[in-house]
>>> print(open('query.tsv').read())   # TSV, C-alpha atoms
chain	number	residue	atom	x	y	z
A	720	MET	CA	-14.15	5.18	19.79
A	721	ARG	CA	-14.04	2.51	17.45
A	722	TYR	CA	-13.65	2.70	13.65
A	723	LEU	CA	-16.63	0.89	13.35
A	724	LEU	CA	-15.58	-1.86	10.37
A	725	CYS	CA	-17.89	-4.50	8.87
A	726	LEU	CA	-17.11	-7.69	7.11
A	727	PHE	CA	-19.97	-7.92	4.73
A	728	LEU	CA	-19.66	-5.19	2.14
A	729	PHE	CA	-19.10	-7.66	-0.64
A	730	LEU	CA	-22.49	-6.54	-1.86
A	731	THR	CA	-22.21	-4.39	-4.92
A	732	GLY	CA	-23.62	-0.99	-4.19
A	733	CYS	CA	-27.08	0.44	-4.59
A	734	ALA	CA	-29.39	1.43	-7.38
A	735	ARG	CA	-29.64	4.96	-6.01
A	736	ALA	CA	-27.09	7.66	-6.65
A	737	PRO	CA	-24.66	8.10	-3.73
A	738	LEU	CA	-25.30	10.89	-1.27
A	739	LYS	CA	-23.22	14.02	-1.69
A	740	ARG	CA	-25.03	16.61	0.44
A	741	VAL	CA	-26.04	16.40	4.09
A	742	GLU	CA	-29.23	18.27	3.18
A	743	ASP	CA	-30.35	15.23	1.18
A	744	ALA	CA	-29.58	12.64	3.88
A	745	MET	CA	-33.10	12.52	5.36
A	746	ARG	CA	-36.57	14.00	5.01
A	747	PRO	CA	-39.76	14.19	7.13
A	748	VAL	CA	-42.06	11.21	6.70
A	749	LYS	CA	-45.54	11.84	5.37
A	750	SER	CA	-46.99	9.78	8.20
A	751	ALA	CA	-45.26	8.40	11.29
A	752	PRO	CA	-44.37	4.70	11.10
A	753	LYS	CA	-45.86	2.19	13.50
A	754	PHE	CA	-43.31	1.93	16.24
A	755	SER	CA	-42.69	-0.01	19.43
A	756	ASP	CA	-39.68	-0.98	21.51
A	757	SER	CA	-38.88	-4.67	21.94
A	758	LEU	CA	-36.11	-4.17	24.50
A	759	SER	CA	-36.57	-3.30	28.16
A	760	ARG	CA	-37.62	0.15	29.25
A	761	GLU	CA	-34.83	0.03	31.83
A	762	SER	CA	-32.18	-0.48	29.14
A	763	PHE	CA	-33.44	2.56	27.24
A	764	PHE	CA	-33.39	4.91	30.21
A	765	ILE	CA	-29.99	3.72	31.42
A	766	ALA	CA	-28.60	4.31	27.93
A	767	LEU	CA	-30.35	7.68	27.54
A	768	LYS	CA	-29.07	9.03	30.87
A	769	LYS	CA	-25.48	8.09	30.03
A	770	HIS	CA	-25.96	9.52	26.57
A	771	ILE	CA	-27.23	12.90	27.76
A	772	ASN	CA	-24.51	13.32	30.41
A	773	VAL	CA	-21.73	12.88	27.85
A	774	MET	CA	-23.55	14.66	25.03
A	775	LYS	CA	-23.47	17.92	27.00
A	776	MET	CA	-19.66	17.94	26.94
A	777	SER	CA	-18.90	16.01	23.76
A	778	LYS	CA	-17.06	17.95	21.08
A	779	GLN	CA	-17.99	15.22	18.60
A	780	VAL	CA	-21.66	16.22	18.72
A	781	ALA	CA	-22.04	19.00	16.20
A	782	ASP	CA	-23.75	22.27	17.05
A	783	PRO	CA	-26.13	22.78	15.40
A	784	MET	CA	-27.24	19.21	14.77
A	785	VAL	CA	-28.25	18.70	11.14
A	786	PHE	CA	-31.24	16.60	10.10
A	787	GLY	CA	-31.38	16.93	6.34
A	788	ASP	CA	-32.39	20.50	5.61
A	789	ARG	CA	-33.29	21.18	9.26
A	790	LYS	CA	-30.85	22.41	11.90
A	791	ILE	CA	-31.36	22.31	15.68
A	792	GLU	CA	-29.17	23.81	18.37
A	793	LYS	CA	-27.47	21.12	20.42
A	794	ILE	CA	-28.79	22.54	23.71
A	795	LYS	CA	-32.36	22.42	22.41
A	796	TYR	CA	-31.98	18.81	21.32
A	797	ILE	CA	-30.57	17.89	24.73
A	798	SER	CA	-33.52	19.66	26.36
A	799	ALA	CA	-35.92	17.53	24.31
A	800	LEU	CA	-34.11	14.35	25.38
A	801	LEU	CA	-34.23	15.43	29.03
A	802	LYS	CA	-38.00	15.75	28.81
A	803	ILE	CA	-38.23	12.06	27.84
A	804	LEU	CA	-36.76	11.23	31.27
A	805	GLU	CA	-39.82	12.88	32.84
A	806	HIS	CA	-42.19	10.49	31.04
A	807	GLU	CA	-40.85	7.05	31.93
A	808	SER	CA	-44.30	5.51	32.36
A	809	ASP	CA	-45.52	6.48	28.88
A	810	TRP	CA	-42.23	7.22	27.14
A	811	THR	CA	-42.95	5.68	23.72
A	812	ASP	CA	-46.29	7.49	23.44
A	813	TRP	CA	-44.69	10.74	24.58
A	814	ILE	CA	-41.95	10.46	21.96
A	815	GLY	CA	-44.55	9.86	19.25
A	816	GLN	CA	-46.46	12.98	20.30
A	817	ASN	CA	-43.47	15.31	20.62
A	818	PHE	CA	-41.01	14.24	17.94
A	819	ASP	CA	-41.19	14.14	14.16
A	820	PHE	CA	-39.86	11.11	12.30
A	821	TYR	CA	-37.33	11.70	9.52
A	822	GLU	CA	-36.60	8.83	7.13
A	823	VAL	CA	-33.03	8.38	5.89
A	824	TYR	CA	-32.03	8.51	2.23
A	825	GLY	CA	-31.75	4.73	2.14
A	826	ARG	CA	-30.12	2.10	-0.06
A	827	SER	CA	-32.74	1.63	-2.75
A	828	THR	CA	-35.61	3.66	-1.32
A	829	TRP	CA	-36.25	6.17	1.44
A	830	GLY	CA	-35.90	4.70	4.93
A	831	GLU	CA	-34.32	1.40	3.90
A	832	VAL	CA	-30.96	0.49	5.42
A	833	MET	CA	-28.62	-2.48	5.40
A	834	SER	CA	-27.92	-3.26	9.05
A	835	THR	CA	-24.79	-5.07	10.20
A	836	GLY	CA	-23.59	-5.63	13.75
A	837	TYR	CA	-20.54	-5.21	15.93
A	838	TYR	CA	-19.51	-6.39	19.40
A	839	GLU	CA	-16.64	-6.28	21.89
A	840	PRO	CA	-14.29	-9.28	21.48
A	841	GLN	CA	-12.67	-10.96	24.48
A	842	VAL	CA	-9.41	-12.64	23.47
A	843	HIS	CA	-6.22	-14.13	24.92
A	844	GLY	CA	-2.89	-12.42	24.42
A	845	SER	CA	0.64	-11.91	25.67
A	846	HIS	CA	2.96	-9.11	26.75
A	847	GLN	CA	5.67	-10.64	24.56
A	848	LYS	CA	5.77	-11.88	20.98
A	849	SER	CA	5.60	-15.67	20.59
A	850	LEU	CA	4.71	-18.30	18.00
A	851	GLU	CA	1.09	-18.30	19.22
A	852	PHE	CA	0.81	-14.55	19.80
A	853	SER	CA	2.72	-13.09	16.87
A	854	ARG	CA	0.76	-9.97	15.92
A	855	ALA	CA	0.85	-6.71	17.85
A	856	LEU	CA	-1.90	-4.24	18.61
A	857	TYR	CA	-0.37	-0.77	18.50
A	858	ALA	CA	-0.94	2.56	20.20
A	859	THR	CA	-1.21	5.58	17.90
A	860	PRO	CA	2.22	6.39	16.40
A	861	ASN	CA	3.68	9.83	17.07
A	862	ASP	CA	4.17	10.52	13.36
A	863	LEU	CA	0.49	10.04	12.44
A	864	VAL	CA	-1.05	13.40	11.48
A	865	THR	CA	-4.69	14.25	10.79
A	866	ILE	CA	-5.80	16.81	8.23
A	867	ASN	CA	-9.26	18.29	8.76
A	868	LEU	CA	-10.51	19.15	5.29
A	869	LYS	CA	-13.10	21.60	6.56
A	870	TYR	CA	-10.23	24.08	6.83
A	871	PHE	CA	-9.70	23.64	3.09
A	872	ALA	CA	-13.38	23.83	2.13
A	873	ASN	CA	-12.69	26.38	-0.60
A	874	LYS	CA	-10.47	23.80	-2.33
A	875	ILE	CA	-13.13	21.06	-2.31
A	876	PRO	CA	-15.67	20.75	-5.16
A	877	LYS	CA	-18.98	22.36	-4.29
A	878	GLY	CA	-21.50	19.93	-2.81
A	879	GLU	CA	-18.95	17.42	-1.50
A	880	VAL	CA	-18.71	16.91	2.26
A	881	PRO	CA	-15.25	17.68	3.72
A	882	GLY	CA	-13.87	15.00	6.04
A	883	THR	CA	-10.44	14.12	7.42
A	884	LEU	CA	-7.28	12.51	6.10
A	885	GLN	CA	-4.53	10.67	7.96
A	886	GLY	CA	-0.92	10.67	6.85
A	887	ARG	CA	2.68	11.30	7.85
A	888	ILE	CA	5.31	13.87	6.91
A	889	GLU	CA	8.12	12.75	4.63
A	890	ASN	CA	10.58	15.27	3.20
A	891	LYS	CA	8.25	18.12	4.20
A	892	THR	CA	5.41	16.50	2.24
A	893	ILE	CA	2.34	14.81	3.70
A	894	VAL	CA	2.04	11.29	2.34
A	895	PRO	CA	-0.44	8.48	3.12
A	896	TYR	CA	0.25	6.60	6.32
A	897	PHE	CA	1.55	3.02	6.30
A	898	THR	CA	-0.85	0.33	5.11
A	899	ARG	CA	-1.62	-2.91	6.95
A	900	LYS	CA	1.01	-4.70	4.86
A	901	GLU	CA	3.63	-2.11	5.72
A	902	ILE	CA	2.76	-2.31	9.42
A	903	ASP	CA	2.26	-6.06	9.86
A	904	THR	CA	4.46	-7.60	7.16
A	905	ASP	CA	7.16	-4.95	6.69
A	906	ALA	CA	7.29	-4.05	10.43
A	907	LYS	CA	7.34	-0.27	9.85
A	908	LEU	CA	6.38	0.39	13.50
A	909	LYS	CA	8.98	-1.92	15.01
A	910	ASP	CA	11.13	-0.63	17.91
A	911	GLN	CA	8.86	2.35	18.67
A	912	ASN	CA	7.54	0.90	21.94
A	913	LEU	CA	3.94	1.10	20.67
A	914	GLU	CA	2.92	-2.52	21.38
A	915	LEU	CA	-0.05	-2.76	23.75
A	916	ALA	CA	-0.45	-6.54	23.47
A	917	TRP	CA	0.49	-9.48	21.24
A	918	LEU	CA	-2.35	-11.59	19.83
A	919	ASP	CA	-3.08	-14.41	17.44
A	920	PRO	CA	-3.11	-12.76	13.96
A	921	ILE	CA	-6.77	-13.58	13.35
A	922	ASP	CA	-7.83	-12.22	16.76
A	923	ALA	CA	-5.74	-9.10	16.15
A	924	PHE	CA	-7.44	-8.51	12.80
A	925	PHE	CA	-10.97	-8.95	14.13
A	926	ILE	CA	-10.44	-6.83	17.22
A	927	GLN	CA	-9.52	-4.07	14.77
A	928	ILE	CA	-12.68	-4.77	12.80
A	929	GLN	CA	-14.74	-4.26	15.97
A	930	GLY	CA	-12.69	-1.29	17.19
A	931	SER	CA	-12.40	-2.38	20.83
A	932	GLY	CA	-11.89	-5.46	22.95
A	933	VAL	CA	-10.63	-7.07	26.13
A	934	VAL	CA	-7.28	-8.87	26.18
A	935	GLU	CA	-6.53	-11.46	28.88
A	936	PHE	CA	-2.86	-12.25	29.46
A	937	GLU	CA	-1.34	-15.53	30.61
A	938	ASN	CA	-1.11	-14.32	34.22
A	939	GLY	CA	-4.84	-13.51	34.36
A	940	GLU	CA	-4.39	-9.75	33.91
A	941	LYS	CA	-6.97	-8.11	31.68
A	942	ILE	CA	-6.87	-4.83	29.79
A	943	ARG	CA	-9.61	-3.13	27.79
A	944	LEU	CA	-8.56	-1.46	24.56
A	945	GLY	CA	-10.59	1.17	22.77
A	946	TYR	CA	-10.31	2.78	19.35
A	947	ASP	CA	-7.90	5.73	19.26
A	948	ASN	CA	-7.10	6.39	15.60
A	949	GLN	CA	-6.80	4.89	12.13
A	950	ASN	CA	-4.22	4.94	9.36
A	951	GLY	CA	-6.54	6.70	6.92
A	952	HIS	CA	-6.78	3.96	4.30
A	953	ALA	CA	-10.21	2.91	3.07
A	954	TYR	CA	-11.63	-0.28	4.51
A	955	ALA	CA	-11.67	-3.26	2.13
A	956	ALA	CA	-13.92	-6.19	3.06
A	957	LEU	CA	-12.38	-9.65	2.94
A	958	GLY	CA	-15.73	-11.03	1.78
A	959	LYS	CA	-15.22	-9.63	-1.71
A	960	SER	CA	-12.02	-11.65	-2.09
A	961	LEU	CA	-13.51	-14.82	-0.66
A	962	LYS	CA	-16.63	-15.05	-2.84
A	963	ASN	CA	-15.17	-18.01	-4.72
A	964	ILE	CA	-14.67	-19.85	-1.44
A	965	ILE	CA	-17.71	-18.80	0.58
A	966	PRO	CA	-20.95	-18.05	-1.33
A	967	PRO	CA	-22.04	-14.43	-0.76
A	968	GLU	CA	-25.40	-15.53	0.66
A	969	LYS	CA	-23.54	-17.67	3.24
A	970	MET	CA	-20.87	-15.10	4.10
A	971	SER	CA	-20.46	-14.45	7.82
A	972	MET	CA	-17.74	-13.58	10.29
A	973	GLN	CA	-17.84	-17.14	11.62
A	974	LYS	CA	-17.27	-18.69	8.19
A	975	ILE	CA	-14.52	-16.23	7.32
A	976	LYS	CA	-12.72	-17.03	10.58
A	977	ALA	CA	-13.09	-20.77	10.05
A	978	TYR	CA	-11.54	-20.50	6.58
A	979	LEU	CA	-8.68	-18.25	7.73
A	980	LYS	CA	-7.73	-20.77	10.42
A	981	THR	CA	-7.01	-23.36	7.72
A	982	LEU	CA	-4.32	-21.23	6.06
A	983	PRO	CA	-0.54	-21.24	6.65
A	984	ALA	CA	0.82	-18.03	8.22
A	985	ASP	CA	2.16	-16.42	5.03
A	986	GLU	CA	-1.02	-17.04	3.04
A	987	LEU	CA	-3.16	-15.85	5.96
A	988	GLN	CA	-1.30	-12.55	6.17
A	989	LYS	CA	-1.60	-12.00	2.41
A	990	ILE	CA	-5.37	-12.23	2.73
A	991	LEU	CA	-5.48	-9.96	5.78
A	992	ASN	CA	-3.35	-7.42	3.90
A	993	ILE	CA	-6.18	-7.08	1.36
A	994	ASN	CA	-7.66	-4.66	3.87
A	995	PRO	CA	-5.14	-1.76	4.07
A	996	SER	CA	-7.10	-0.05	6.86
A	997	TYR	CA	-5.45	-0.30	10.28
A	998	VAL	CA	-6.76	0.71	13.71
A	999	PHE	CA	-4.70	2.02	16.63
A	1000	PHE	CA	-5.80	1.58	20.24
A	1001	LYS	CA	-5.54	3.04	23.71
A	1002	LYS	CA	-6.11	1.52	27.14
A	1003	ILE	CA	-9.45	2.47	28.68
A	1004	GLU	CA	-10.97	1.83	32.11
A	1005	SER	CA	-14.64	2.14	31.18
A	1006	ASP	CA	-16.72	0.09	28.78
A	1007	ALA	CA	-15.80	0.66	25.16
A	1008	LEU	CA	-16.32	4.28	24.15
A	1009	THR	CA	-18.12	5.44	21.05
A	1010	TYR	CA	-16.87	8.10	18.65
A	1011	ALA	CA	-19.08	10.66	20.40
A	1012	GLY	CA	-17.61	9.72	23.79
A	1013	MET	CA	-20.48	7.75	25.33
A	1014	GLU	CA	-20.01	4.21	26.61
A	1015	VAL	CA	-21.57	1.73	24.23
A	1016	SER	CA	-25.05	0.50	25.17
A	1017	GLU	CA	-25.95	-3.05	24.22
A	1018	GLY	CA	-28.71	-3.12	21.63
A	1019	ARG	CA	-29.05	0.68	21.72
A	1020	THR	CA	-25.88	2.15	20.19
A	1021	ILE	CA	-25.66	2.53	16.42
A	1022	ALA	CA	-22.95	3.70	14.05
A	1023	THR	CA	-23.67	5.69	10.91
A	1024	ASP	CA	-21.82	7.84	8.40
A	1025	LEU	CA	-20.58	10.94	10.22
A	1026	ASN	CA	-20.74	12.95	7.00
A	1027	PHE	CA	-24.53	12.73	6.81
A	1028	PHE	CA	-26.08	11.75	10.15
A	1029	PRO	CA	-25.83	13.62	13.46
A	1030	LYS	CA	-24.02	12.07	16.40
A	1031	GLY	CA	-26.07	12.38	19.57
A	1032	ALA	CA	-29.43	11.90	17.88
A	1033	LEU	CA	-32.25	9.61	18.95
A	1034	ALA	CA	-33.46	7.26	16.22
A	1035	PHE	CA	-35.84	4.37	15.65
A	1036	LEU	CA	-34.49	1.20	14.06
A	1037	ASP	CA	-36.95	-1.35	12.71
A	1038	ILE	CA	-34.82	-4.47	12.33
A	1039	GLU	CA	-34.67	-8.24	12.65
A	1040	GLU	CA	-32.16	-10.11	14.85
A	1041	PRO	CA	-30.81	-13.64	14.27
A	1042	GLN	CA	-31.89	-16.45	16.59
A	1043	PHE	CA	-29.73	-19.55	17.16
A	1044	ALA	CA	-30.52	-22.98	18.56
A	1045	THR	CA	-27.15	-23.27	20.35
A	1046	LEU	CA	-24.13	-21.05	20.96
A	1047	SER	CA	-21.99	-23.19	18.67
A	1048	ASP	CA	-24.26	-22.75	15.63
A	1049	ILE	CA	-22.86	-20.83	12.66
A	1050	GLU	CA	-26.20	-20.18	10.95
A	1051	PRO	CA	-29.36	-18.83	12.64
A	1052	THR	CA	-32.52	-20.91	12.78
A	1053	THR	CA	-34.73	-17.88	12.26
A	1054	TRP	CA	-34.87	-14.09	12.33
A	1055	LEU	CA	-37.00	-12.27	14.89
A	1056	LYS	CA	-38.42	-8.78	14.38
A	1057	LEU	CA	-37.08	-6.64	17.24
A	1058	PRO	CA	-37.63	-2.90	16.64
A	1059	ARG	CA	-36.18	-0.45	19.14
A	1060	PHE	CA	-35.18	3.13	19.83
A	1061	VAL	CA	-31.44	3.64	19.38
A	1062	LEU	CA	-28.83	6.34	19.91
A	1063	ASP	CA	-26.51	7.46	17.12
A	1064	GLU	CA	-23.15	7.59	18.90
A	1065	ASP	CA	-20.61	5.83	16.72
A	1066	ILE	CA	-18.95	5.62	13.32
A	1067	GLY	CA	-17.40	2.83	11.26
A	1068	GLY	CA	-14.84	2.58	8.50
A	1069	ALA	CA	-17.24	0.53	6.37
A	1070	ILE	CA	-20.38	2.43	7.35
A	1071	ARG	CA	-20.70	4.80	4.43
A	1072	GLY	CA	-23.61	6.52	2.74
A	1073	GLY	CA	-27.28	6.98	3.39
A	1074	GLY	CA	-28.31	3.34	3.65
A	1075	ARG	CA	-25.93	1.78	6.20
A	1076	VAL	CA	-26.16	1.29	9.96
A	1077	ASP	CA	-24.17	-0.81	12.43
A	1078	LEU	CA	-25.82	-2.05	15.65
A	1079	TYR	CA	-23.83	-2.81	18.80
A	1080	PHE	CA	-24.73	-6.23	20.22
A	1081	GLY	CA	-22.63	-6.22	23.40
A	1082	LYS	CA	-19.78	-8.38	24.73
A	1083	GLY	CA	-18.83	-12.02	24.54
A	1084	ASP	CA	-19.79	-15.09	22.54
A	1085	THR	CA	-23.53	-14.48	22.17
A	1086	ALA	CA	-22.96	-10.95	20.90
A	1087	ALA	CA	-20.26	-12.20	18.52
A	1088	GLN	CA	-22.58	-14.92	17.21
A	1089	LYS	CA	-25.32	-12.41	16.37
A	1090	ALA	CA	-23.06	-9.69	15.01
A	1091	GLY	CA	-21.19	-12.21	12.86
A	1092	VAL	CA	-24.19	-13.01	10.68
A	1093	MET	CA	-25.99	-9.67	10.85
A	1094	LYS	CA	-26.70	-8.49	7.31
A	1095	GLN	CA	-30.35	-7.55	7.23
A	1096	LYS	CA	-32.51	-4.95	5.58
A	1097	GLY	CA	-34.34	-2.69	7.98
A	1098	ARG	CA	-35.65	0.83	8.30
A	1099	LEU	CA	-34.09	3.79	10.10
A	1100	TYR	CA	-35.78	7.00	11.23
A	1101	TYR	CA	-34.36	9.96	13.13
A	1102	LEU	CA	-36.37	11.69	15.85
A	1103	VAL	CA	-36.52	15.48	15.60
A	1104	PRO	CA	-38.24	17.61	18.29
A	1105	ARG	CA	-41.34	19.34	17.02
A	1106	ASN	CA	-41.21	23.12	16.84
>>> encode(input="query.tsv", output="structure tokens")
Amino acid sequence: MRYLLCLFLFLTGCARAPLKRVEDAMRPVKSAPKFSDSLSRESFFIALKKHINVMKMSKQVADPMVFGDRKIEKIKYISALLKILEHESDWTDWIGQNFDFYEVYGRSTWGEVMSTGYYEPQVHGSHQKSLEFSRALYATPNDLVTINLKYFANKIPKGEVPGTLQGRIENKTIVPYFTRKEIDTDAKLKDQNLELAWLDPIDAFFIQIQGSGVVEFENGEKIRLGYDNQNGHAYAALGKSLKNIIPPEKMSMQKIKAYLKTLPADELQKILNINPSYVFFKKIESDALTYAGMEVSEGRTIATDLNFFPKGALAFLDIEEPQFATLSDIEPTTWLKLPRFVLDEDIGGAIRGGGRVDLYFGKGDTAAQKAGVMKQKGRLYYLVPRN
């Protein structure tokens, strides 16, 4: 699924040393936090049932699942989740009695995370390039290759987590894949029949940021596009480059979009090219799919760093959500504390380290409004079945 990408990493890092070992990513809490679930019980059980059904078959859920220095067989974790389904009437109490809470490494202290948000955009597009719809969304190119570094673990410095690299073969040598500038400005993918839809350049950029979306064509036809791959370049947030225009404390997706719409085409593309990361899509029939293969669940799906946190895990997120007076408002009137149990199913290009989490808000304008300003401190705990 999506390469979950956030807009707001103009913030300058953390006081803590960066994580290097999965064993250090979380630890048992000394005492369980006070917990409750502010969303509906129905939404949790619908999400959990979908989650379990896919988790059984998903190759993206590691076996064993790693929670810091503790490892649990995937089948045993699934069994623990299945037991929750038998306790619908008292499910939160039952979880508290049968699971241990593990706090994540955090940004500046254990348990603390910076939470951003993502959503599924719904945009207009065309089957053909035009003045209005001048930027393509592409399927994965045939020459994109992925290198899994776990097969070269003996070449990687001890303690560092092996990941993956994307590239292409040139003169029998693997080189980095094309950047956003090379794809969008230099047209390196032209005439390969990879275009899935043509969009407004700003819509095309932000649908990549979110990793999925629905495109409606002029004739009323709609297609849903989901994340398929990425060019392998590190995500660079536009917010860092716009600090002189939009104050960091006021930075939001809405304000970035509003500014970009004031720019001429050439200047707009130069700013978009600041982010070399590029996402490739595929057509999907279901709701947007997460990295682990589950359909996204509004308010329940989270994305975290794959290198340190286990896909498929149940977690508790203590977080605030923005509240707006009207749908047209750019800034929230207040923030409301809305803790909930969540499912770690996704990843994101900007979601790195032990103190970052991305929460899926759903589809449409309301979800976009909330996700666009989401940049709040919260607390994240993983649920581990008791022995």
>>> closest_residue(input="query.tsv", among="A:Gly1091, A:Gly951, A:Pro1041, A:Ala1011", to="Gly1068 in chain A", atoms="only C-alpha atoms")
A:Gly951
>>> closest_residue(input="query.tsv", among="A:Lys1094, A:Lys795, A:Lys1056, A:Lys900", to="Pro995 in chain A", atoms="all atoms listed in the file")
A:Lys900
>>> residues_near_point(input="query.tsv", point="(-19.1, -5.4, 25.1)", cutoff="10 Å", atoms="only C-alpha atoms", output="VMD selection string")
chain A and resid 837 to 841 931 to 933 1006 to 1007 1014 to 1017 1079 to 1083 1086 to 1087
>>> residues_near_point(input="query.tsv", point="(-1.0, -12.3, 24.1)", cutoff="6 Å", atoms="all atoms listed in the file", output="JSON, numbers by chain")
{"A": [843, 844, 845, 846, 852, 916, 917, 918, 936]}
>>> write_last_selection(input="query.tsv", atoms="C-alpha atoms", output="mmCIF file, in the coordinates of the input")
data_model
loop_
_atom_site.group_PDB
_atom_site.id
_atom_site.type_symbol
_atom_site.label_atom_id
_atom_site.label_comp_id
_atom_site.auth_asym_id
_atom_site.auth_seq_id
_atom_site.Cartn_x
_atom_site.Cartn_y
_atom_site.Cartn_z
ATOM 1 C CA HIS A 843 -6.220 -14.130 24.920
ATOM 2 C CA GLY A 844 -2.890 -12.420 24.420
ATOM 3 C CA SER A 845 0.640 -11.910 25.670
ATOM 4 C CA HIS A 846 2.960 -9.110 26.750
ATOM 5 C CA PHE A 852 0.810 -14.550 19.800
ATOM 6 C CA ALA A 916 -0.450 -6.540 23.470
ATOM 7 C CA TRP A 917 0.490 -9.480 21.240
ATOM 8 C CA LEU A 918 -2.350 -11.590 19.830
ATOM 9 C CA PHE A 936 -2.860 -12.250 29.460
#
>>> atom_distance(input="query.tsv", atom1="CA of Lys793 in chain A", atom2="CA of Lys1030 in chain A")
10.5 Å
>>> residues_around(input="query.tsv", residues="Asp1065 in chain A", least_positions_apart="6", cutoff="12 Å", atoms="all atoms listed in the file", output="ChimeraX atom specification")
/A:720-724,770,779-780,837,929-930,946,1007-1016,1019-1025,1028-1032,1076-1079
>>> atom_distance(input="query.tsv", atom1="CA of Ser777 in chain A", atom2="CA of Arg1075 in chain A")
23.7 Å
>>> atom_distance(input="query.tsv", atom1="CA of Ala744 in chain A", atom2="CA of Gly787 in chain A")
5.3 Å
>>> closest_residue(input="query.tsv", among="A:Pro1104, A:Leu758, A:Asp743, A:Phe925", to="Leu800 in chain A", atoms="all atoms listed in the file")
A:Pro1104
>>> closest_residue(input="query.tsv", among="A:Glu1050, A:Asn867, A:Asp809, A:Val741", to="Met784 in chain A", atoms="all atoms listed in the file")
A:Val741
>>> residues_around(input="query.tsv", residues="Tyr824 in chain A", least_positions_apart="6", cutoff="8 Å", atoms="all atoms listed in the file", output="list in words")
Leu738, Asp743, Ala744, Met745, Arg746, Gly830, Glu831, Gly1073 and Gly1074 of chain A
>>> closest_residue(input="query.tsv", among="A:Arg1071, A:Leu913, A:Met833, A:Tyr821", to="Ala953 in chain A", atoms="all atoms listed in the file")
A:Arg1071
>>> residues_around(input="query.tsv", residues="Ala984 in chain A", least_positions_apart="3", cutoff="12 Å", atoms="all atoms listed in the file", output="count of residues only")
16
>>> residues_around(input="query.tsv", residues="Trp1054 in chain A", least_positions_apart="3", cutoff="6 Å", atoms="all atoms listed in the file", output="VMD selection string")
chain A and resid 1039 to 1042
>>> residues_around(input="query.tsv", residues="range 880-890 of chain A", least_positions_apart="3", cutoff="12 Å", atoms="all atoms listed in the file", output="ChimeraX atom specification")
/A:738-744,859-877,893-898,948-953,996-998,1024-1028,1072
>>> build_atoms(input="query.tsv", residues="range 1055-1068 of chain A", atoms="N, CA and C atoms", output="compact mmCIF listing (two decimals), in the coordinates of the input")
# COMPACT_ATOMS: atom_id res chain seq x y z
N LEU A 1055 -35.90 -12.79 14.08
CA LEU A 1055 -37.00 -12.27 14.89
C LEU A 1055 -37.06 -10.75 14.78
N LYS A 1056 -38.25 -10.22 14.51
CA LYS A 1056 -38.42 -8.78 14.38
C LYS A 1056 -38.32 -8.14 15.76
N LEU A 1057 -37.32 -7.26 15.94
CA LEU A 1057 -37.08 -6.64 17.24
C LEU A 1057 -36.80 -5.14 17.06
N PRO A 1058 -37.83 -4.35 16.79
CA PRO A 1058 -37.63 -2.90 16.64
C PRO A 1058 -37.25 -2.27 17.96
N ARG A 1059 -36.55 -1.14 17.91
CA ARG A 1059 -36.18 -0.45 19.14
C ARG A 1059 -35.70 0.97 18.85
N PHE A 1060 -35.78 1.81 19.90
CA PHE A 1060 -35.18 3.13 19.83
C PHE A 1060 -33.69 2.99 20.07
N VAL A 1061 -32.89 3.74 19.31
CA VAL A 1061 -31.44 3.64 19.38
C VAL A 1061 -30.84 5.04 19.46
N LEU A 1062 -29.55 5.08 19.77
CA LEU A 1062 -28.83 6.34 19.91
C LEU A 1062 -27.65 6.35 18.95
N ASP A 1063 -27.59 7.35 18.09
CA ASP A 1063 -26.51 7.46 17.12
C ASP A 1063 -25.28 8.04 17.82
N GLU A 1064 -24.32 7.17 18.13
CA GLU A 1064 -23.15 7.59 18.90
C GLU A 1064 -21.83 7.24 18.24
N ASP A 1065 -21.86 6.42 17.20
CA ASP A 1065 -20.61 5.83 16.72
C ASP A 1065 -20.45 5.96 15.21
N ILE A 1066 -19.27 5.61 14.75
CA ILE A 1066 -18.95 5.62 13.32
C ILE A 1066 -18.27 4.30 12.97
N GLY A 1067 -18.09 4.05 11.68
CA GLY A 1067 -17.40 2.83 11.26
C GLY A 1067 -16.76 3.02 9.91
N GLY A 1068 -15.57 2.41 9.75
CA GLY A 1068 -14.84 2.58 8.50
C GLY A 1068 -15.61 2.07 7.29
